[in-house]
file work25.cif (mmCIF, C-alpha atoms)
data_my_file
#
loop_
_atom_site.label_atom_id
_atom_site.label_comp_id
_atom_site.auth_asym_id
_atom_site.auth_seq_id
_atom_site.Cartn_x
_atom_site.Cartn_y
_atom_site.Cartn_z
CA MET Q 887 -1.78 -7.92 8.10
CA ILE Q 888 -5.37 -7.24 9.09
CA VAL Q 889 -6.37 -7.05 12.77
CA ARG Q 890 -9.93 -7.67 13.92
CA LYS Q 891 -11.77 -8.70 17.08
CA THR Q 892 -12.01 -12.41 17.85
CA ILE Q 893 -15.30 -14.22 17.29
CA GLU Q 894 -16.47 -17.58 18.67
CA ASN Q 895 -15.71 -19.45 15.45
CA ASP Q 896 -12.07 -18.35 15.68
CA ILE Q 897 -11.40 -20.24 18.90
CA PRO Q 898 -10.28 -23.59 17.36
CA ALA Q 899 -7.79 -21.75 15.14
CA LEU Q 900 -6.48 -19.78 18.13
CA LEU Q 901 -5.99 -22.97 20.15
CA ASP Q 902 -3.96 -24.37 17.25
CA ILE Q 903 -1.85 -21.21 17.21
CA TYR Q 904 -1.23 -21.46 20.94
CA ASP Q 905 -0.18 -25.11 20.44
CA ALA Q 906 2.26 -23.99 17.72
CA ALA Q 907 3.60 -21.26 20.00
CA ARG Q 908 4.16 -23.75 22.84
CA ARG Q 909 6.07 -26.08 20.51
CA TYR Q 910 8.23 -23.18 19.38
CA MET Q 911 8.94 -22.13 22.96
CA ARG Q 912 9.99 -25.64 23.93
CA ALA Q 913 12.25 -25.93 20.90
CA GLU Q 914 13.88 -22.61 21.88
CA GLY Q 915 14.54 -23.77 25.44
CA ASN Q 916 11.59 -22.01 27.07
CA MET Q 917 10.26 -25.02 28.95
CA CYS Q 918 8.03 -23.42 31.59
CA GLN Q 919 5.93 -20.68 29.96
CA TRP Q 920 2.35 -21.71 29.12
CA ASN Q 921 1.50 -25.21 30.25
CA ASP Q 922 -0.59 -27.55 28.11
CA ASN Q 923 -3.88 -26.09 29.31
CA TYR Q 924 -3.02 -22.42 28.97
CA PRO Q 925 -4.22 -20.35 27.23
CA SER Q 926 -7.45 -22.33 27.06
CA ALA Q 927 -10.73 -21.81 25.25
CA ASP Q 928 -12.10 -20.36 28.49
CA THR Q 929 -9.18 -17.89 28.58
CA ILE Q 930 -9.98 -16.78 25.05
CA ARG Q 931 -13.67 -16.36 25.86
CA ALA Q 932 -12.81 -14.31 28.95
CA ASP Q 933 -10.58 -12.09 26.81
CA MET Q 934 -13.43 -11.72 24.32
CA GLU Q 935 -15.83 -10.69 27.08
CA ARG Q 936 -13.38 -7.98 28.12
CA GLY Q 937 -13.32 -6.77 24.50
CA GLY Q 938 -9.59 -7.28 24.14
CA SER Q 939 -9.11 -10.46 22.12
CA TYR Q 940 -7.84 -9.92 18.58
CA VAL Q 941 -6.85 -12.07 15.62
CA CYS Q 942 -4.26 -11.29 12.94
CA LEU Q 943 -5.06 -12.27 9.35
CA ASP Q 944 -2.37 -13.04 6.78
CA ASP Q 945 -2.46 -11.96 3.13
CA LYS Q 946 -4.77 -14.87 2.33
CA GLY Q 947 -7.25 -13.85 5.01
CA LYS Q 948 -6.28 -16.77 7.26
CA ILE Q 949 -5.81 -16.41 11.01
CA ALA Q 950 -2.06 -16.45 11.68
CA GLY Q 951 -1.78 -14.78 15.07
CA THR Q 952 -3.63 -13.55 18.13
CA PHE Q 953 -3.16 -11.27 21.13
CA PHE Q 954 -5.00 -9.63 24.00
CA PHE Q 955 -4.88 -5.86 24.42
CA THR Q 956 -6.62 -3.61 26.91
CA LEU Q 957 -6.32 -0.09 28.26
CA GLY Q 958 -6.16 0.53 32.00
CA ASN Q 959 -4.51 -0.72 35.15
CA ASP Q 960 -3.23 -4.32 35.29
CA PRO Q 961 -3.14 -5.51 38.95
CA THR Q 962 -0.06 -7.64 38.35
CA TYR Q 963 1.87 -4.48 37.46
CA ASN Q 964 1.09 -2.69 40.75
CA ILE Q 965 4.22 -4.05 42.39
CA ILE Q 966 7.55 -4.26 40.55
CA TYR Q 967 10.86 -5.54 41.95
CA ASN Q 968 14.48 -4.83 41.06
CA GLY Q 969 13.51 -1.75 39.12
CA SER Q 970 10.61 0.59 38.44
CA TRP Q 971 8.22 1.70 35.75
CA LYS Q 972 9.47 4.68 33.74
CA ASN Q 973 6.36 6.71 34.53
CA GLU Q 974 2.83 6.35 35.89
CA LEU Q 975 1.03 7.56 32.79
CA PRO Q 976 -2.10 5.69 31.62
CA TYR Q 977 -1.06 2.65 29.64
CA GLY Q 978 -2.17 -0.28 27.54
CA VAL Q 979 -1.26 -3.91 28.17
CA ILE Q 980 -0.57 -6.76 25.76
CA HIS Q 981 -0.87 -10.40 26.82
CA ARG Q 982 -1.03 -13.82 25.16
CA ILE Q 983 0.49 -12.83 21.83
CA ALA Q 984 1.15 -15.83 19.61
CA SER Q 985 1.76 -16.66 15.97
CA ASN Q 986 1.92 -19.69 13.71
CA GLY Q 987 4.83 -18.12 11.82
CA ASN Q 988 2.93 -17.17 8.66
CA ILE Q 989 3.21 -13.40 9.25
CA LYS Q 990 6.72 -12.00 9.36
CA ARG Q 991 7.50 -9.55 12.20
CA LEU Q 992 4.06 -10.14 13.69
CA LEU Q 993 5.10 -8.78 17.10
CA HIS Q 994 6.14 -5.43 15.63
CA LYS Q 995 2.97 -5.21 13.54
CA VAL Q 996 0.86 -5.89 16.62
CA LEU Q 997 2.77 -3.21 18.50
CA ASP Q 998 2.21 -0.77 15.63
CA PHE Q 999 -1.51 -1.46 15.91
CA CYS Q 1000 -1.63 -1.09 19.69
CA PHE Q 1001 0.31 2.17 19.61
CA THR Q 1002 -2.51 3.66 17.57
CA LEU Q 1003 -4.66 3.21 20.68
CA THR Q 1004 -2.27 4.43 23.38
CA ASP Q 1005 1.04 6.25 23.82
CA VAL Q 1006 2.30 3.92 26.55
CA ILE Q 1007 2.44 0.11 26.58
CA ARG Q 1008 3.52 -2.24 29.35
CA ILE Q 1009 4.19 -5.90 28.61
CA ASP Q 1010 5.83 -8.85 30.34
CA THR Q 1011 7.33 -12.17 29.32
CA HIS Q 1012 9.16 -15.18 30.72
CA ARG Q 1013 12.90 -14.81 31.24
CA ASP Q 1014 13.49 -17.75 28.86
CA ASN Q 1015 11.42 -16.26 26.06
CA LYS Q 1016 14.45 -14.93 24.20
CA THR Q 1017 12.51 -14.32 20.98
CA MET Q 1018 10.01 -12.04 22.70
CA ILE Q 1019 12.70 -10.21 24.69
CA GLY Q 1020 14.71 -9.64 21.52
CA GLY Q 1021 11.67 -8.39 19.61
CA LEU Q 1022 10.65 -5.97 22.36
CA THR Q 1023 14.19 -4.62 22.68
CA ALA Q 1024 14.46 -4.15 18.90
CA TYR Q 1025 11.21 -2.16 18.94
CA GLY Q 1026 12.57 0.17 21.62
CA PHE Q 1027 11.03 -1.22 24.80
CA GLU Q 1028 12.99 -0.72 28.02
CA TYR Q 1029 13.45 -3.37 30.70
CA CYS Q 1030 11.89 -2.11 33.94
CA GLY Q 1031 12.11 -4.96 36.49
CA ILE Q 1032 10.38 -8.12 37.73
CA ILE Q 1033 6.65 -8.57 38.30
CA HIS Q 1034 4.71 -11.61 39.52
CA ILE Q 1035 1.68 -12.90 37.63
CA ALA Q 1036 -1.42 -14.27 39.36
CA ASN Q 1037 0.05 -17.74 40.03
CA GLY Q 1038 3.19 -16.22 41.55
CA ASP Q 1039 5.56 -16.89 38.65
CA GLU Q 1040 8.12 -14.23 37.81
CA ARG Q 1041 8.04 -12.27 34.56
CA LYS Q 1042 10.35 -9.68 33.07
CA ALA Q 1043 8.51 -6.38 32.61
CA PHE Q 1044 9.04 -3.94 29.75
CA MET Q 1045 7.62 -0.55 28.83
CA LYS Q 1046 7.68 1.93 25.97
CA ASN Q 1047 6.43 5.52 25.91
CA LEU Q 1048 6.27 7.29 22.56
CA THR Q 1049 7.49 10.86 22.50
CA GLN Q 1050 4.89 13.47 21.67
CA THR Q 1051 6.32 14.18 18.23
CA GLN Q 1052 6.63 10.51 17.34
CA THR Q 1053 3.12 9.90 18.57
CA GLN Q 1054 1.59 12.65 16.48
CA THR Q 1055 3.32 11.53 13.28
CA GLN Q 1056 2.86 7.81 13.77
CA ASN Q 1057 -0.71 8.06 14.99
CA LEU Q 1058 -1.79 10.20 12.06
CA THR Q 1059 -0.50 7.82 9.40
CA THR Q 1060 -1.43 4.74 11.40
CA ASP Q 1061 -4.92 6.09 12.07
CA LEU Q 1062 -5.37 6.45 8.31
CA GLU Q 1063 -4.08 2.94 7.80
CA GLN Q 1064 -6.42 1.59 10.46
CA THR Q 1065 -9.34 3.44 8.88
CA MET Q 1066 -8.52 1.73 5.60
CA LEU Q 1067 -8.07 -1.65 7.28
CA MET Q 1068 -11.54 -1.35 8.82
CA LEU Q 1069 -12.99 -1.05 5.30
CA ALA Q 1070 -11.45 -4.34 4.19
CA ASP Q 1071 -13.77 -6.76 2.39
CA GLU Q 1072 -12.60 -10.33 1.80
CA LYS Q 1073 -14.83 -11.06 -1.21
CA LYS Q 1074 -13.78 -7.85 -2.96
CA ARG Q 1075 -10.18 -8.57 -2.03
CA GLN Q 1076 -10.25 -11.87 -3.88
CA ILE Q 1077 -11.79 -10.21 -6.94
CA LEU Q 1078 -9.18 -7.43 -6.95
CA MET Q 1079 -6.30 -9.88 -6.54
CA ARG Q 1080 -7.43 -11.61 -9.74
CA PHE Q 1081 -8.29 -8.40 -11.62
CA PHE Q 1082 -4.89 -6.84 -10.97
CA LYS Q 1083 -2.98 -10.00 -11.89
CA THR Q 1084 -1.18 -10.73 -8.63
CA GLU Q 1085 -0.24 -14.36 -9.27
CA LYS Q 1086 3.35 -15.48 -9.79
CA GLY Q 1087 4.67 -14.32 -13.15
CA GLU Q 1088 1.90 -11.76 -13.68
CA TYR Q 1089 2.50 -8.01 -13.80
CA GLY Q 1090 1.09 -7.44 -10.30
CA GLU Q 1091 2.86 -10.39 -8.70
CA GLY Q 1092 2.83 -10.11 -4.93
CA ASP Q 1093 0.59 -7.05 -4.69
CA GLN Q 1094 -1.69 -7.21 -1.67
CA PHE Q 1095 -5.27 -5.90 -1.57
CA LEU Q 1096 -7.74 -5.13 1.20
CA GLY Q 1097 -10.85 -5.18 -0.98
CA ILE Q 1098 -11.61 -1.44 -0.84
CA THR Q 1099 -13.29 0.37 -3.72
CA ASN Q 1100 -11.88 3.58 -5.22
CA PRO Q 1101 -14.88 5.65 -4.04
CA GLN Q 1102 -14.22 4.44 -0.48
CA THR Q 1103 -10.56 5.36 -0.76
CA ARG Q 1104 -11.41 8.79 -2.16
CA SER Q 1105 -13.78 9.36 0.76
CA VAL Q 1106 -10.92 8.74 3.20
CA VAL Q 1107 -8.67 11.07 1.20
CA LYS Q 1108 -11.30 13.80 1.18
CA LEU Q 1109 -11.50 13.74 4.97
CA ALA Q 1110 -7.80 13.35 5.69
CA TRP Q 1111 -5.60 15.06 3.11
CA LYS Q 1112 -5.60 18.56 4.61
CA SER Q 1113 -4.27 17.24 7.93
CA THR Q 1114 -1.79 14.84 6.30
CA SER Q 1115 1.63 16.19 5.36
CA ILE Q 1116 3.52 15.30 2.21
CA ALA Q 1117 5.97 13.24 4.27
CA GLU Q 1118 3.12 11.35 5.94
CA ALA Q 1119 1.52 10.68 2.54
CA ALA Q 1120 4.85 9.26 1.38
CA THR Q 1121 4.82 6.94 4.38
CA LEU Q 1122 1.44 5.61 3.26
CA VAL Q 1123 2.82 4.96 -0.23
CA HIS Q 1124 5.37 2.60 1.34
CA SER Q 1125 2.55 0.36 2.59
CA SER Q 1126 2.34 -3.25 1.46
CA TRP Q 1127 -1.41 -2.72 0.95
CA HIS Q 1128 -2.39 -1.51 -2.52
CA GLU Q 1129 -5.30 0.66 -1.42
CA ILE Q 1130 -3.24 2.39 1.28
CA ARG Q 1131 -0.58 3.19 -1.33
CA LEU Q 1132 -3.33 4.63 -3.52
CA CYS Q 1133 -4.58 6.71 -0.58
CA GLY Q 1134 -1.11 8.19 -0.12
CA LEU Q 1135 -0.78 8.96 -3.83
CA LEU Q 1136 -4.16 10.68 -3.97
CA ILE Q 1137 -3.19 12.80 -0.97
CA LEU Q 1138 -0.05 13.85 -2.89
CA VAL Q 1139 -2.30 14.75 -5.83
CA GLU Q 1140 -4.41 16.97 -3.56
CA HIS Q 1141 -1.33 18.76 -2.24
CA PHE Q 1142 -0.03 19.32 -5.76
CA GLN Q 1143 -3.35 20.61 -7.07
CA LYS Q 1144 -3.66 23.04 -4.16
CA ALA Q 1145 -0.12 24.28 -4.75
CA LEU Q 1146 -0.89 24.62 -8.48
CA LYS Q 1147 -3.86 26.88 -7.75
CA GLN Q 1148 -1.79 28.97 -5.37
CA GLN Q 1149 1.23 29.01 -7.71
CA ASP Q 1150 3.30 27.59 -4.86
CA GLU Q 1151 6.42 26.49 -6.74
CA ALA Q 1152 8.21 25.13 -3.67
CA THR Q 1153 5.39 22.75 -2.74
CA MET Q 1154 4.90 21.60 -6.34
CA ALA Q 1155 8.60 20.78 -6.58
CA GLN Q 1156 8.45 18.95 -3.25
CA VAL Q 1157 5.52 16.81 -4.39
CA PHE Q 1158 7.14 16.12 -7.77
CA ASN Q 1159 10.40 15.03 -6.16
CA THR Q 1160 8.59 12.96 -3.55
CA TYR Q 1161 6.46 11.24 -6.18
CA THR Q 1162 9.39 10.36 -8.43
CA SER Q 1163 11.34 9.00 -5.45
CA LEU Q 1164 8.41 6.70 -4.66
CA HIS Q 1165 8.29 5.03 -8.07
CA PRO Q 1166 9.19 1.53 -6.75
CA PHE Q 1167 5.90 1.61 -4.81
CA ILE Q 1168 3.78 2.99 -7.68
CA ASN Q 1169 3.64 -0.47 -9.11
CA ASN Q 1170 0.28 -1.19 -10.66
CA TRP Q 1171 -1.55 0.48 -13.49
CA ASP Q 1172 -4.31 2.14 -11.45
CA LEU Q 1173 -1.77 3.68 -9.07
CA VAL Q 1174 -0.08 5.22 -12.11
CA ASP Q 1175 -3.20 6.23 -14.00
CA LEU Q 1176 -4.90 8.00 -11.09
CA SER Q 1177 -1.88 10.09 -10.14
CA ALA Q 1178 0.81 10.47 -12.82
CA TYR Q 1179 -0.81 12.99 -15.14
CA LYS Q 1180 -2.04 15.16 -12.25
CA ILE Q 1181 1.46 15.52 -10.79
CA ILE Q 1182 4.07 14.61 -13.40
CA GLY Q 1183 2.15 15.85 -16.42
CA GLU Q 1184 1.27 19.18 -14.80
CA TYR Q 1185 4.83 19.70 -13.60
CA GLU Q 1186 6.21 19.01 -17.08
CA MET Q 1187 3.91 21.66 -18.51
CA LEU Q 1188 5.19 24.21 -15.99
CA HIS Q 1189 8.82 23.14 -16.36
CA PRO Q 1190 9.61 21.95 -19.90
CA GLU Q 1191 13.30 21.94 -18.95
CA VAL Q 1192 12.62 18.89 -16.75
CA THR Q 1193 13.46 15.86 -18.90
CA LEU Q 1194 13.24 13.03 -16.37
CA MET Q 1195 10.25 11.47 -18.12
CA ASP Q 1196 12.16 11.41 -21.41
CA GLU Q 1197 14.58 9.11 -19.61
CA TRP Q 1198 11.93 7.01 -17.89
CA ILE Q 1199 10.25 6.10 -21.19
CA LYS Q 1200 13.38 4.30 -22.36
CA PRO Q 1201 13.48 0.48 -22.23
CA ASP Q 1202 16.16 0.33 -19.51
CA HIS Q 1203 13.58 1.58 -16.99
CA THR Q 1204 10.81 -0.36 -15.24
CA LEU Q 1205 7.39 -1.06 -16.68
CA TRP Q 1206 5.85 1.36 -14.19
CA GLN Q 1207 8.35 4.17 -14.81
CA GLN Q 1208 7.62 3.88 -18.52
CA ARG Q 1209 3.87 3.90 -17.93
CA ILE Q 1210 4.16 6.97 -15.68
CA SER Q 1211 6.03 8.75 -18.46
CA MET Q 1212 3.46 7.79 -21.09
CA VAL Q 1213 0.34 8.53 -19.02
CA ALA Q 1214 1.78 11.90 -17.97
CA THR Q 1215 1.31 13.07 -21.57
CA TRP Q 1216 -2.46 13.27 -20.97
CA LYS Q 1217 -1.79 16.72 -19.50
CA HIS Q 1218 0.32 17.62 -22.52
CA ILE Q 1219 -2.70 16.86 -24.69
CA ARG Q 1220 -4.92 19.10 -22.53
CA HIS Q 1221 -2.43 21.91 -23.19
CA ASN Q 1222 -2.34 21.24 -26.96
CA ARG Q 1223 1.18 19.84 -26.74
CA TYR Q 1224 1.44 16.65 -28.76
CA ASP Q 1225 5.14 16.14 -29.43
CA LYS Q 1226 5.80 14.09 -26.29
CA VAL Q 1227 2.80 11.86 -27.03
CA THR Q 1228 4.15 10.69 -30.37
CA GLU Q 1229 7.79 10.62 -29.23
CA ARG Q 1230 7.08 8.44 -26.21
CA ALA Q 1231 4.57 6.23 -28.00
CA SER Q 1232 7.14 5.51 -30.72
CA LEU Q 1233 9.62 4.34 -28.07
CA LEU Q 1234 7.10 1.76 -26.87
CA LEU Q 1235 6.51 0.13 -30.27
CA ASN Q 1236 9.01 -2.62 -29.51
CA SER Q 1237 8.10 -3.08 -25.86
CA ARG Q 1238 7.05 -6.55 -24.77
CA HIS Q 1239 4.64 -5.16 -22.17
CA ASP Q 1240 0.95 -5.21 -23.03
CA LEU Q 1241 0.28 -2.52 -20.40
CA LEU Q 1242 2.61 -0.11 -22.19
CA HIS Q 1243 0.92 -0.80 -25.53
CA LYS Q 1244 -2.41 0.04 -23.90
CA ALA Q 1245 -1.05 3.24 -22.36
CA ALA Q 1246 0.43 4.43 -25.67
CA GLY Q 1247 -2.75 3.59 -27.59
CA TRP Q 1248 -4.83 5.35 -24.96
CA MET Q 1249 -2.81 8.57 -25.22
CA LEU Q 1250 -2.87 8.45 -29.04
CA ARG Q 1251 -6.65 8.09 -28.85
CA GLU Q 1252 -6.91 11.06 -26.48
CA MET Q 1253 -4.80 13.11 -28.87
CA TYR Q 1254 -7.12 12.15 -31.75
CA LYS Q 1255 -10.18 13.22 -29.75
CA HIS Q 1256 -8.76 16.52 -28.53
CA SER Q 1257 -8.44 18.69 -31.64
CA GLU Q 1258 -8.07 18.75 -35.40
CA THR Q 1259 -4.33 19.15 -34.98
CA GLY Q 1260 -4.29 16.14 -32.68
CA LYS Q 1261 -6.31 14.17 -35.23
CA HIS Q 1262 -3.85 14.98 -38.05
CA LEU Q 1263 -0.84 14.02 -35.90
CA HIS Q 1264 -2.62 10.83 -34.87
CA GLU Q 1265 -3.17 9.86 -38.50
CA ALA Q 1266 0.43 10.72 -39.34
CA PHE Q 1267 1.60 8.45 -36.52
CA LEU Q 1268 -0.57 5.62 -37.85
CA GLU Q 1269 0.72 6.11 -41.36
CA GLU Q 1270 4.34 5.98 -40.22
CA HIS Q 1271 4.13 3.16 -37.71
CA ILE Q 1272 1.04 1.11 -38.55
CA SER Q 1273 3.00 -1.95 -39.63
CA ARG Q 1274 5.00 -1.94 -36.37
CA MET Q 1275 2.24 -1.09 -33.94
CA PRO Q 1276 1.36 -3.94 -31.55
CA SER Q 1277 -2.26 -5.04 -31.98
CA VAL Q 1278 -3.37 -3.71 -28.58
CA MET Q 1279 -1.79 -0.30 -29.19
CA PHE Q 1280 -3.44 -0.11 -32.61
CA SER Q 1281 -6.86 -1.15 -31.26
CA TYR Q 1282 -6.75 1.41 -28.46
CA ALA Q 1283 -5.56 4.15 -30.84
CA ILE Q 1284 -8.48 3.77 -33.28
CA GLU Q 1285 -11.18 3.04 -30.70
CA ARG Q 1286 -12.94 6.42 -30.95
CA MET Q 1287 -12.89 6.64 -34.75
CA SER Q 1288 -16.00 6.25 -36.86
CA ASP Q 1289 -16.73 2.76 -38.12
CA SER Q 1290 -15.71 3.75 -41.62
CA ASP Q 1291 -12.38 5.21 -40.43
CA LYS Q 1292 -11.70 2.11 -38.35
CA ALA Q 1293 -12.37 -0.06 -41.41
CA TYR Q 1294 -10.01 2.08 -43.50
CA TRP Q 1295 -7.10 1.84 -41.07
CA ARG Q 1296 -7.62 -1.89 -40.47
CA SER Q 1297 -7.56 -2.44 -44.21
CA ARG Q 1298 -4.50 -0.19 -44.53
CA ARG Q 1299 -2.73 -2.11 -41.79
CA LYS Q 1300 -3.57 -5.42 -43.44
CA ASP Q 1301 -2.37 -4.23 -46.86
CA ILE Q 1302 0.92 -2.87 -45.52
CA SER Q 1303 1.51 -6.01 -43.47
CA SER Q 1304 0.93 -8.25 -46.49
CA THR Q 1305 3.32 -6.27 -48.69
CA THR Q 1306 6.11 -6.31 -46.10
CA LYS Q 1307 6.04 -10.08 -45.63
#
call {"tool": "encode", "arguments": {"input": "work25.cif", "output": "structure tokens"}}
result
Amino acid sequence: MIVRKTIENDIPALLDIYDAARRYMRAEGNMCQWNDNYPSADTIRADMERGGSYVCLDDKGKIAGTFFFTLGNDPTYNIIYNGSWKNELPYGVIHRIASNGNIKRLLHKVLDFCFTLTDVIRIDTHRDNKTMIGGLTAYGFEYCGIIHIANGDERKAFMKNLTQTQTQTQNLTTDLEQTMLMLADEKKRQILMRFFKTEKGEYGEGDQFLGITNPQTRSVVKLAWKSTSIAEAATLVHSSWHEIRLCGLLILVEHFQKALKQQDEATMAQVFNTYTSLHPFINNWDLVDLSAYKIIGEYEMLHPEVTLMDEWIKPDHTLWQQRISMVATWKHIRHNRYDKVTERASLLLNSRHDLLHKAAGWMLREMYKHSETGKHLHEAFLEEHISRMPSVMFSYAIERMSDSDKAYWRSRRKDISSTTK
């Protein structure tokens, strides 16, 4: 979900959302909250003038929700009956939150956003608004008492105050997320959704993008990684947004590389274990390719007794686990270790995944480029497996050869294929 300030052109969509919210309230037995004229277009414009009107965009960039948020004293909260506020700390207030139902858990996501701006939030709702009361209670709000709004109607009042520790941790990761969300670009988002194959049945099905370039993400990482813990980086990797997951992974890379320079075994092990535990969220090829070799590959070089990647390359593991294992061998190549390259590439010969063929061919190509020994092993691999190599793997593997060498191996592949038919 993306949150941004409301603009004039949004008003018709917001009125439709308020209509949908009223219908939902009535269906749920809340017959009195929000009459047919409230909130009106004038209400929205007044909220905009105060700088507190926001819209919530779904994963297609469509407006699916709205709310008003402001910091400072709300006159209707000055007097409270049958209870009391938990403290008199400065607070923020949320009003007129509504959704058309297209964003799941919208209330909690709005609260997450607002808690990046304040440690204390007060909010009220009608006694018959069971959905809102349930959502606030589930989030940890406490019932404080009864207040009266401007027209004299009663409302149940709730409040939540984050503890200092929770605030520091949540605000740090959420501030990073909000920084990334502010960089969102709808046109780029659409391009990236197509480029990374996010449609149903494609390898990136369901992945969500903000439309942020890698240089932009790296700029955020450069500014933030030193003040972001490994645990906080892991929280970012759990994000539904692709670029925020990448941000978290690149922060883990920075922590590992620093620990590598300082020979800090404990931190390297922590990052390695954290990274491998996050594999369900490292679920597109760029997330793998920009992080795996710098963490997994390096760790394997330091600890050859660690054989997890020899398990991950096997066909009973996910596409992304297998790609992590294969791409990690780039660091093996840098250290003149080629055995894992050929072993793992051979296990991908029968894979049905084009992305694994590309990864294996890429690493074979890197081995060929790296040294004379790598070149000889590359040619030996071709000689042994050329008839079984998928076309993409073969093309990637010979890409950096001279034209004459490419012609030789294409001819050799054709001859062997014709004799085995």
call {"tool": "atom_distance", "arguments": {"input": "work25.cif", "atom1": "CA of Ile1019 (chain Q)", "atom2": "CA of Tyr967 (chain Q)"}}
result
18.0 Å
call {"tool": "resolve_selection", "arguments": {"input": "work25.cif", "expression": "the PyMOL selection byres ((chain Q and resi 969-973) around 8)", "output": "mmCIF file with C-alpha atoms, in the coordinates of the input"}}
result
data_model
loop_
_atom_site.group_PDB
_atom_site.id
_atom_site.type_symbol
_atom_site.label_atom_id
_atom_site.label_comp_id
_atom_site.auth_asym_id
_atom_site.auth_seq_id
_atom_site.Cartn_x
_atom_site.Cartn_y
_atom_site.Cartn_z
ATOM 1 C CA ILE Q 966 7.550 -4.260 40.550
ATOM 2 C CA TYR Q 967 10.860 -5.540 41.950
ATOM 3 C CA ASN Q 968 14.480 -4.830 41.060
ATOM 4 C CA GLU Q 974 2.830 6.350 35.890
ATOM 5 C CA LEU Q 975 1.030 7.560 32.790
ATOM 6 C CA CYS Q 1030 11.890 -2.110 33.940
ATOM 7 C CA GLY Q 1031 12.110 -4.960 36.490
ATOM 8 C CA ILE Q 1032 10.380 -8.120 37.730
ATOM 9 C CA MET Q 1045 7.620 -0.550 28.830
#
call {"tool": "resolve_selection", "arguments": {"input": "work25.cif", "expression": "the PyMOL selection byres ((chain Q and resi 921-937) around 12)", "output": "VMD selection string"}}
result
chain Q and resid 890 to 909 911 to 912 916 to 920 938 to 941 952 to 958 980 to 984
call {"tool": "resolve_selection", "arguments": {"input": "work25.cif", "expression": "the PyMOL selection byres ((chain Q and resi 1158-1171) around 8)", "output": "list of chain:residue names"}}
result
Q:Phe1082, Q:Tyr1089, Q:Gly1090, Q:Ala1120, Q:Val1123, Q:His1124, Q:Arg1131, Q:Leu1135, Q:Leu1138, Q:Met1154, Q:Ala1155, Q:Gln1156, Q:Val1157, Q:Asp1172, Q:Leu1173, Q:Val1174, Q:Asp1175, Q:Ile1181, Q:Ile1182, Q:Tyr1185, Q:Trp1206, Q:Gln1207, Q:Arg1209, Q:Leu1241
call {"tool": "write_last_selection", "arguments": {"input": "work25.cif", "atoms": "C-alpha atoms", "output": "PDB file, in the coordinates of the input"}}
result
ATOM      1  CA  PHE Q1082      -4.890  -6.840 -10.970  1.00  0.00           C
ATOM      2  CA  TYR Q1089       2.500  -8.010 -13.800  1.00  0.00           C
ATOM      3  CA  GLY Q1090       1.090  -7.440 -10.300  1.00  0.00           C
ATOM      4  CA  ALA Q1120       4.850   9.260   1.380  1.00  0.00           C
ATOM      5  CA  VAL Q1123       2.820   4.960  -0.230  1.00  0.00           C
ATOM      6  CA  HIS Q1124       5.370   2.600   1.340  1.00  0.00           C
ATOM      7  CA  ARG Q1131      -0.580   3.190  -1.330  1.00  0.00           C
ATOM      8  CA  LEU Q1135      -0.780   8.960  -3.830  1.00  0.00           C
ATOM      9  CA  LEU Q1138      -0.050  13.850  -2.890  1.00  0.00           C
ATOM     10  CA  MET Q1154       4.900  21.600  -6.340  1.00  0.00           C
ATOM     11  CA  ALA Q1155       8.600  20.780  -6.580  1.00  0.00           C
ATOM     12  CA  GLN Q1156       8.450  18.950  -3.250  1.00  0.00           C
ATOM     13  CA  VAL Q1157       5.520  16.810  -4.390  1.00  0.00           C
ATOM     14  CA  ASP Q1172      -4.310   2.140 -11.450  1.00  0.00           C
ATOM     15  CA  LEU Q1173      -1.770   3.680  -9.070  1.00  0.00           C
ATOM     16  CA  VAL Q1174      -0.080   5.220 -12.110  1.00  0.00           C
ATOM     17  CA  ASP Q1175      -3.200   6.230 -14.000  1.00  0.00           C
ATOM     18  CA  ILE Q1181       1.460  15.520 -10.790  1.00  0.00           C
ATOM     19  CA  ILE Q1182       4.070  14.610 -13.400  1.00  0.00           C
ATOM     20  CA  TYR Q1185       4.830  19.700 -13.600  1.00  0.00           C
ATOM     21  CA  TRP Q1206       5.850   1.360 -14.190  1.00  0.00           C
ATOM     22  CA  GLN Q1207       8.350   4.170 -14.810  1.00  0.00           C
ATOM     23  CA  ARG Q1209       3.870   3.900 -17.930  1.00  0.00           C
ATOM     24  CA  LEU Q1241       0.280  -2.520 -20.400  1.00  0.00           C
TER      25      LEU Q1241
END
call {"tool": "closest_residue", "arguments": {"input": "work25.cif", "among": "Q:Phe1044, Q:Tyr977, Q:Tyr1025, Q:Trp1248", "to": "Asp998 (chain Q)", "atoms": "only C-alpha atoms"}}
result
Q:Tyr1025
call {"tool": "atom_distance", "arguments": {"input": "work25.cif", "atom1": "CA of Pro1101 (chain Q)", "atom2": "CA of Leu1078 (chain Q)"}}
result
14.6 Å
call {"tool": "atom_distance", "arguments": {"input": "work25.cif", "atom1": "CA of Glu1063 (chain Q)", "atom2": "CA of Ala1145 (chain Q)"}}
result
25.1 Å
call {"tool": "closest_residue", "arguments": {"input": "work25.cif", "among": "Q:Arg1286, Q:Lys1046, Q:Arg1298, Q:His1012", "to": "Phe1027 (chain Q)", "atoms": "all atoms listed in the file"}}
result
Q:Lys1046
call {"tool": "residues_near_point", "arguments": {"input": "work25.cif", "point": "(9.3, -8.8, 16.6)", "cutoff": "9 Å", "atoms": "all atoms listed in the file", "output": "list in words"}}
result
Lys990, Arg991, Leu992, Leu993, His994, Lys995, Val996, Leu997, Thr1017, Met1018, Ile1019, Gly1020, Gly1021, Leu1022, Thr1023, Ala1024 and Tyr1025 of chain Q
call {"tool": "closest_residue", "arguments": {"input": "work25.cif", "among": "Q:Leu1096, Q:Tyr963, Q:Lys1180, Q:Ser1113", "to": "Leu1136 (chain Q)", "atoms": "only C-alpha atoms"}}
result
Q:Lys1180
